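Participant: Sharing run-v3.cif below, mmCIF, C-alpha atoms:
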```
data_start
#
loop_
_atom_site.label_atom_id
_atom_site.label_comp_id
_atom_site.auth_asym_id
_atom_site.auth_seq_id
_atom_site.Cartn_x
_atom_site.Cartn_y
_atom_site.Cartn_z
CA MET A 1 119.95 84.47 95.52
CA THR A 2 120.54 87.08 92.83
CA ASP A 3 123.94 87.66 91.25
CA ASP A 4 124.37 91.10 92.78
CA SER A 5 123.50 90.02 96.32
CA LYS A 6 126.06 88.90 98.87
CA GLN A 7 125.86 86.65 101.91
CA GLU A 8 127.80 87.81 104.96
CA ILE A 9 128.39 85.38 107.81
CA THR A 10 131.60 86.35 109.60
CA ALA A 11 131.77 89.30 111.97
CA LYS A 12 133.29 92.49 110.68
CA ILE A 13 136.25 94.28 112.23
CA ASN A 14 135.60 97.90 113.08
CA THR A 15 138.58 99.54 111.41
CA ALA A 16 138.64 103.29 110.86
CA GLU A 17 138.40 102.68 107.12
CA LEU A 18 135.31 100.49 107.57
CA VAL A 19 133.54 103.02 109.76
CA GLN A 20 134.38 105.80 107.31
CA ALA A 21 133.00 103.76 104.41
CA TRP A 22 129.72 103.20 106.22
CA GLU A 23 129.52 106.87 107.22
CA GLU A 24 129.81 107.70 103.54
CA LYS A 25 127.00 105.25 102.78
CA ALA A 26 124.86 107.00 105.38
CA GLN A 27 125.58 110.36 103.77
CA LYS A 28 124.59 108.93 100.41
CA ALA A 29 121.37 107.51 101.88
CA ARG A 30 120.51 110.93 103.27
CA ARG A 31 120.20 112.25 99.72
CA ILE A 32 117.95 109.41 98.52
CA LYS A 33 114.21 109.20 99.09
CA LEU A 34 112.33 105.93 98.73
CA VAL A 35 108.70 105.84 97.68
CA THR A 36 107.18 102.56 98.85
CA ALA A 37 103.87 100.76 99.21
CA LEU A 38 103.24 98.30 102.03
CA GLY A 39 100.89 95.38 102.55
CA ALA A 40 100.70 92.89 105.41
CA ARG A 41 98.47 90.18 106.81
CA THR A 42 98.68 87.34 109.31
CA ASP A 43 96.17 84.53 109.77
CA LEU A 44 95.62 81.65 112.17
CA GLY A 45 95.20 79.15 109.33
CA ARG A 46 92.71 76.28 109.29
CA ILE A 47 94.44 73.87 111.69
CA ARG A 48 96.23 75.78 114.45
CA GLU A 49 94.53 76.95 117.65
CA ASN A 50 96.69 80.05 118.13
CA ASN A 51 98.79 82.28 115.92
CA GLU A 52 102.52 82.14 116.69
CA ASP A 53 103.43 84.24 113.64
CA LYS A 54 104.08 87.95 113.95
CA PHE A 55 105.11 90.82 111.71
CA GLU A 56 106.35 94.30 112.56
CA PHE A 57 107.65 97.32 110.69
CA TYR A 58 109.22 100.60 111.80
CA MET A 59 109.51 103.51 109.38
CA PRO A 60 111.08 106.61 110.98
CA GLU A 61 110.81 109.90 109.13
CA ASP A 62 113.51 112.02 110.77
CA GLU A 63 116.41 112.52 108.42
CA GLU A 64 119.23 111.42 110.71
CA THR A 65 117.66 108.12 111.81
CA LEU A 66 116.53 107.34 108.28
CA ALA A 67 120.02 107.96 106.89
CA ARG A 68 121.82 105.84 109.48
CA LYS A 69 119.32 103.06 110.13
CA GLY A 70 116.69 103.12 107.36
CA TRP A 71 113.30 101.39 107.49
CA PHE A 72 112.84 98.03 109.20
CA PHE A 73 110.45 95.19 108.30
CA ALA A 74 110.35 91.69 109.80
CA VAL A 75 108.45 88.43 110.13
CA ALA A 76 108.84 85.84 112.91
CA ASP A 77 107.37 82.37 113.29
CA GLY A 78 107.37 81.14 116.89
CA MET A 79 107.38 77.62 118.26
CA GLY A 80 106.64 76.08 121.65
CA GLY A 81 103.65 74.95 123.69
CA HIS A 82 101.39 76.94 126.01
CA SER A 83 101.57 80.04 123.77
CA ALA A 84 105.35 80.10 124.22
CA GLY A 85 105.89 80.43 120.46
CA GLN A 86 103.70 83.50 120.38
CA ILE A 87 105.72 85.06 123.18
CA ALA A 88 109.01 84.13 121.47
CA SER A 89 108.07 85.77 118.17
CA GLU A 90 106.86 88.90 119.93
CA LEU A 91 110.02 89.15 122.04
CA ALA A 92 112.15 88.62 118.95
CA LEU A 93 110.66 91.46 116.93
CA LYS A 94 110.26 93.97 119.75
CA THR A 95 113.78 93.39 121.05
CA THR A 96 115.41 93.40 117.62
CA ILE A 97 113.76 96.64 116.52
CA SER A 98 114.46 98.40 119.81
CA SER A 99 118.08 97.27 119.91
CA TYR A 100 118.70 98.04 116.25
CA TYR A 101 117.51 101.63 116.47
CA SER A 102 119.17 102.30 119.83
CA ASP A 103 122.53 101.51 118.23
CA ASP A 104 123.79 104.71 116.61
CA SER A 105 126.29 102.90 114.39
CA PRO A 106 125.84 103.39 110.64
CA ILE A 107 127.09 99.83 110.05
CA VAL A 108 123.75 98.18 109.28
CA GLU A 109 125.06 94.62 109.13
CA GLU A 110 126.70 94.78 112.56
CA SER A 111 123.68 96.48 114.11
CA LEU A 112 121.35 93.82 112.75
CA ARG A 113 123.54 90.99 113.94
CA ALA A 114 123.92 92.50 117.42
CA ALA A 115 120.19 93.24 117.75
CA ILE A 116 119.21 89.70 116.80
CA ALA A 117 121.84 88.28 119.16
CA LYS A 118 120.29 90.30 122.00
CA ALA A 119 116.83 88.99 121.12
CA ASN A 120 118.19 85.45 121.05
CA ALA A 121 119.74 85.82 124.52
CA LEU A 122 116.52 87.22 125.98
CA ILE A 123 114.38 84.40 124.58
CA PHE A 124 116.90 81.78 125.70
CA ASP A 125 117.04 83.18 129.25
CA THR A 126 113.24 83.44 129.42
CA SER A 127 112.81 79.84 128.29
CA ARG A 128 115.12 78.68 131.08
CA ALA A 129 113.59 80.89 133.77
CA VAL A 130 109.93 80.03 133.15
CA LEU A 131 108.96 76.34 133.05
CA GLU A 132 106.01 76.91 130.72
CA ARG A 133 108.33 78.63 128.25
CA SER A 134 110.91 75.83 128.15
CA GLY A 135 112.08 75.07 124.63
CA MET A 136 110.43 78.06 123.01
CA GLY A 137 112.02 79.62 119.96
CA THR A 138 111.30 81.52 116.78
CA THR A 139 112.51 82.28 113.30
CA ILE A 140 113.23 85.82 112.19
CA THR A 141 113.58 87.31 108.74
CA ALA A 142 114.28 91.04 108.71
CA LEU A 143 114.61 93.54 105.87
CA VAL A 144 116.22 96.97 106.21
CA LEU A 145 115.89 99.50 103.39
CA ARG A 146 118.40 102.32 103.53
CA GLY A 147 119.06 104.57 100.57
CA ASP A 148 119.24 102.35 97.50
CA GLU A 149 120.35 99.24 99.41
CA ALA A 150 118.48 96.39 101.07
CA PHE A 151 119.89 94.37 103.97
CA VAL A 152 118.33 91.03 104.91
CA ALA A 153 118.96 89.11 108.13
CA GLN A 154 117.79 85.54 108.57
CA VAL A 155 117.52 82.79 111.16
CA GLY A 156 115.19 79.84 110.48
CA ASP A 157 112.96 79.04 107.53
CA SER A 158 110.85 82.17 107.14
CA ARG A 159 111.76 83.70 103.79
CA CYS A 160 112.56 86.88 101.94
CA TYR A 161 111.79 86.96 98.23
CA LEU A 162 112.60 89.63 95.66
CA MET A 163 110.53 90.06 92.52
CA ARG A 164 112.27 92.09 89.81
CA ASN A 165 111.17 92.44 86.21
CA GLY A 166 108.67 89.62 86.62
CA ARG A 167 111.22 87.19 88.06
CA LEU A 168 110.89 85.89 91.62
CA THR A 169 114.08 85.03 93.53
CA GLN A 170 114.43 83.67 97.05
CA ILE A 171 117.11 85.80 98.71
CA THR A 172 117.32 83.83 101.95
CA GLU A 173 118.21 80.19 102.44
CA ASP A 174 116.08 77.97 104.68
CA HIS A 175 117.73 76.68 107.82
CA SER A 176 115.86 73.41 107.64
CA TRP A 177 116.69 69.71 107.70
CA VAL A 178 115.26 69.08 104.23
CA ASN A 179 117.17 71.99 102.70
CA GLU A 180 120.41 70.63 104.12
CA GLN A 181 119.60 67.24 102.59
CA VAL A 182 118.92 68.86 99.22
CA LYS A 183 122.26 70.70 99.36
CA ARG A 184 124.05 67.41 100.13
CA GLY A 185 122.23 65.59 97.35
CA GLY A 186 120.29 63.36 99.72
CA LEU A 187 116.88 64.66 98.59
CA SER A 188 115.52 66.23 95.43
CA ARG A 189 113.50 69.44 95.63
CA GLU A 190 110.36 67.45 94.89
CA GLU A 191 111.14 64.93 97.65
CA ALA A 192 111.87 67.76 100.09
CA GLU A 193 108.46 69.34 99.46
CA CYS A 194 106.73 66.06 100.37
CA SER A 195 108.99 65.11 103.27
CA PRO A 196 107.35 64.66 106.70
CA PHE A 197 110.39 66.49 108.12
CA LYS A 198 110.02 69.63 106.01
CA ASN A 199 109.02 71.68 109.07
CA VAL A 200 112.10 70.68 111.07
CA ILE A 201 114.39 73.71 111.30
CA THR A 202 118.08 73.58 112.17
CA ARG A 203 118.53 77.13 113.43
CA SER A 204 116.27 79.41 115.47
CA LEU A 205 116.29 82.15 118.09
CA GLY A 206 116.13 81.10 121.74
CA THR A 207 117.19 77.47 121.53
CA SER A 208 120.87 78.05 122.37
CA PRO A 209 122.87 80.83 124.09
CA THR A 210 124.24 82.12 120.79
CA VAL A 211 122.96 82.16 117.24
CA GLU A 212 124.46 82.49 113.77
CA VAL A 213 122.75 85.09 111.61
CA ASP A 214 122.82 84.99 107.81
CA LEU A 215 123.14 88.45 106.25
CA PHE A 216 122.53 89.43 102.63
CA THR A 217 122.85 92.74 100.80
CA GLN A 218 120.99 93.71 97.67
CA ASP A 219 120.90 96.85 95.54
CA ILE A 220 117.33 97.97 94.96
CA MET A 221 115.62 99.38 91.89
CA PRO A 222 112.26 101.03 91.18
CA GLY A 223 109.70 98.32 90.60
CA ASP A 224 111.29 95.85 93.02
CA VAL A 225 108.91 93.99 95.33
CA PHE A 226 110.12 92.32 98.53
CA LEU A 227 108.06 89.62 100.25
CA LEU A 228 108.72 88.44 103.79
CA CYS A 229 106.69 85.39 104.78
CA SER A 230 106.43 82.51 107.21
CA ASP A 231 106.54 78.92 106.01
CA GLY A 232 102.77 78.83 106.28
CA LEU A 233 102.83 80.61 102.91
CA SER A 234 105.86 79.04 101.23
CA GLY A 235 104.69 75.58 102.31
CA GLU A 236 101.33 76.00 100.58
CA LEU A 237 102.19 77.98 97.42
CA SER A 238 104.77 77.37 94.71
CA ASP A 239 107.13 80.15 93.68
CA ASP A 240 105.17 80.52 90.44
CA GLU A 241 101.93 81.05 92.36
CA ILE A 242 103.60 83.63 94.60
CA ARG A 243 105.06 85.45 91.60
CA ASP A 244 101.73 85.60 89.79
CA VAL A 245 100.02 87.25 92.76
CA LEU A 246 102.83 89.75 93.34
CA ALA A 247 102.93 90.64 89.65
CA GLY A 248 99.21 91.18 89.34
CA GLU A 249 98.31 93.12 92.48
CA CYS A 250 99.34 96.15 94.51
CA ALA A 251 101.21 95.48 97.77
CA SER A 252 98.21 95.52 100.09
CA VAL A 253 95.98 93.37 97.89
CA ALA A 254 98.85 90.96 97.18
CA ALA A 255 99.45 90.40 100.92
CA TRP A 256 95.79 89.50 101.42
CA LYS A 257 95.46 87.35 98.31
CA LEU A 258 98.59 85.36 99.12
CA VAL A 259 97.13 84.43 102.50
CA ASP A 260 93.80 83.57 100.89
CA ARG A 261 95.58 81.24 98.46
CA ALA A 262 97.44 79.55 101.32
CA LEU A 263 94.14 78.97 103.15
CA GLU A 264 92.53 77.60 99.98
CA ASN A 265 95.44 75.17 99.61
CA GLY A 266 94.93 73.79 103.10
CA GLY A 267 96.08 76.44 105.58
CA HIS A 268 97.95 73.83 107.61
CA ASP A 269 99.96 76.47 109.51
CA ASN A 270 99.79 80.10 110.57
CA VAL A 271 100.30 82.30 107.52
CA THR A 272 102.01 85.70 107.45
CA THR A 273 102.93 87.99 104.57
CA LEU A 274 104.65 91.36 104.50
CA VAL A 275 104.98 92.97 101.05
CA VAL A 276 107.18 96.01 100.41
CA ALA A 277 107.02 97.49 96.92
CA ILE A 278 109.60 100.03 95.74
CA LYS A 279 107.55 102.51 93.74
CA ASP A 280 110.35 104.98 93.08
CA ILE A 281 113.86 106.00 94.16
CA ILE A 282 114.27 109.77 94.12
CA ARG A 283 117.89 110.83 93.81
CA PRO A 284 119.32 114.35 94.00
CA LYS A 285 119.38 116.16 90.70
CA LYS A 286 122.79 116.96 89.31
CA LYS A 287 123.54 120.64 89.23
CA ARG A 288 123.59 122.04 85.74
CA ARG A 289 126.59 124.20 84.90
CA PHE A 290 125.85 127.45 83.13
CA CYS A 291 128.22 128.73 80.47
CA LEU A 292 128.12 132.42 79.54
CA LEU A 293 129.22 131.62 75.98
CA CYS A 294 126.87 128.65 75.43
CA GLY A 295 123.84 129.88 77.36
#
```
Would you put the structure from the file into structure tokens?
Facilitator:
Amino acid sequence: MTDDSKQEITAKINTAELVQAWEEKAQKARRIKLVTALGARTDLGRIRENNEDKFEFYMPEDEETLARKGWFFAVADGMGGHSAGQIASELALKTTISSYYSDDSPIVEESLRAAIAKANALIFDTSRAVLERSGMGTTITALVLRGDEAFVAQVGDSRCYLMRNGRLTQITEDHSWVNEQVKRGGLSREEAECSPFKNVITRSLGTSPTVEVDLFTQDIMPGDVFLLCSDGLSGELSDDEIRDVLAGECASVAAWKLVDRALENGGHDNVTTLVVAIKDIIRPKKKRRFCLLCG
């Protein structure tokens, strides 16, 4: 995670001062225009019989919605038999996007957390109500761009990367058994990559009545490139390989080439990429004062 990003876990208290601060952020965002390029691709892989990955994005153009809620991008990686994982990932993204934009609050972090909590509850209830859906769940990694800020929400081991000035940084932290062992010193990074338990995740949507959502904030700059991906990509490519593709290609071509590389390296899982490149950030021009004496 970069130095200027922050992780937010605990719920916020809606004080008048907090609401006012976020209203001011929304007003600031209203005066900023982002110029972006987008690329996305999902693939079955070489082993799986169905694709439980899914990506979605929602990019409103009306000024009020854009200022308060921004643009939304997300990837989900479902799990469960009888196509239940595919249903879980679809429910997660549809419900999260709908709930996020139906909430008029300018407090992005709270809206994201509440929307994902609603998706979690729906998937959990569905898995209990329908026998064939029992035990289904999904990851979710969501990115919101509003003004000159990025907000990332995470549950599971799908990832969000940021490439800035040629350097690739993983913003999110995997909710996986091997990552927990690495943090405790029980495994090295090299051992974790080879572990037979590397696909075991410790947090997901739909497997319990409530879910804890990791939230991160990040200032954005022209030239930044965000990558959202399922573990079908990160499990097949090193960070250096991912960086090289992102650095050498436009967003659309990069999304396709990353998937191609994952397939070439084995394609043991579904593979999904969503690339968002910040081409420019257009800010309001400062008014120039005219002096009668100076001209």
Participant: Given the file above and the PyMOL selection byres ((chain A and resi 145-151) around 8), which residues are selected, and can you give them as a list in words?
Facilitator: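 Expected selection for the PyMOL selection byres ((chain A and resi 145-151) around 8) here is Ala26, Lys28, Ala29, Arg30, Arg31, Ile32, Lys33, Leu34, Leu66, Ala67, Arg68, Lys69, Gly70, Trp71, Phe72, Val108, Glu109, Leu143, Val144, Val152, Ala153, Leu215, Phe216, Thr217, Gln218, Asp219, Ile220, Met221 and Ile281 of chain A.
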Participant: Run the PyMOL selection byres ((chain A and resi 214) around 10) on the file and write out the hits as JSON, numbers by chain.
Facilitator: {"A": [7, 8, 9, 10, 109, 113, 141, 152, 153, 154, 155, 156, 172, 173, 175, 211, 212, 213, 215, 216]}
Participant: Evaluate the PyMOL selection byres ((chain A and resi 277-279) around 7) here and jot the selected residues down as a ChimeraX atom specification.
Facilitator: /A:35-38,222-226,251,275-276,280
Participant: Please report the interatomic distance between atom CA of A:Thr96 and atom CA of A:Leu227 in Å with one decimal.
Facilitator: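 Atom CA of A:Leu227 lies 19.2 Å from atom CA of A:Thr96.
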Participant: With all atoms listed in the file as the counted atoms, please give the residues lying no more than 7 Å from A:Ala40, apart from itself and same-chain residues fewer than 3 positions off, as a list of chain:residue names.
Facilitator: A:Ser252, A:Ala255, A:Thr273, A:Leu274, A:Val275
Participant: For stretch 80-91 of chain A, please output as number ranges by chain all residues within 12 Å (counting all atoms listed in the file; exclusion window: fewer than 4 positions along the same chain).
Facilitator: A: 44, 48-56, 74-76, 95-99, 115-116, 118-127, 130-141, 158, 204-207, 230, 270
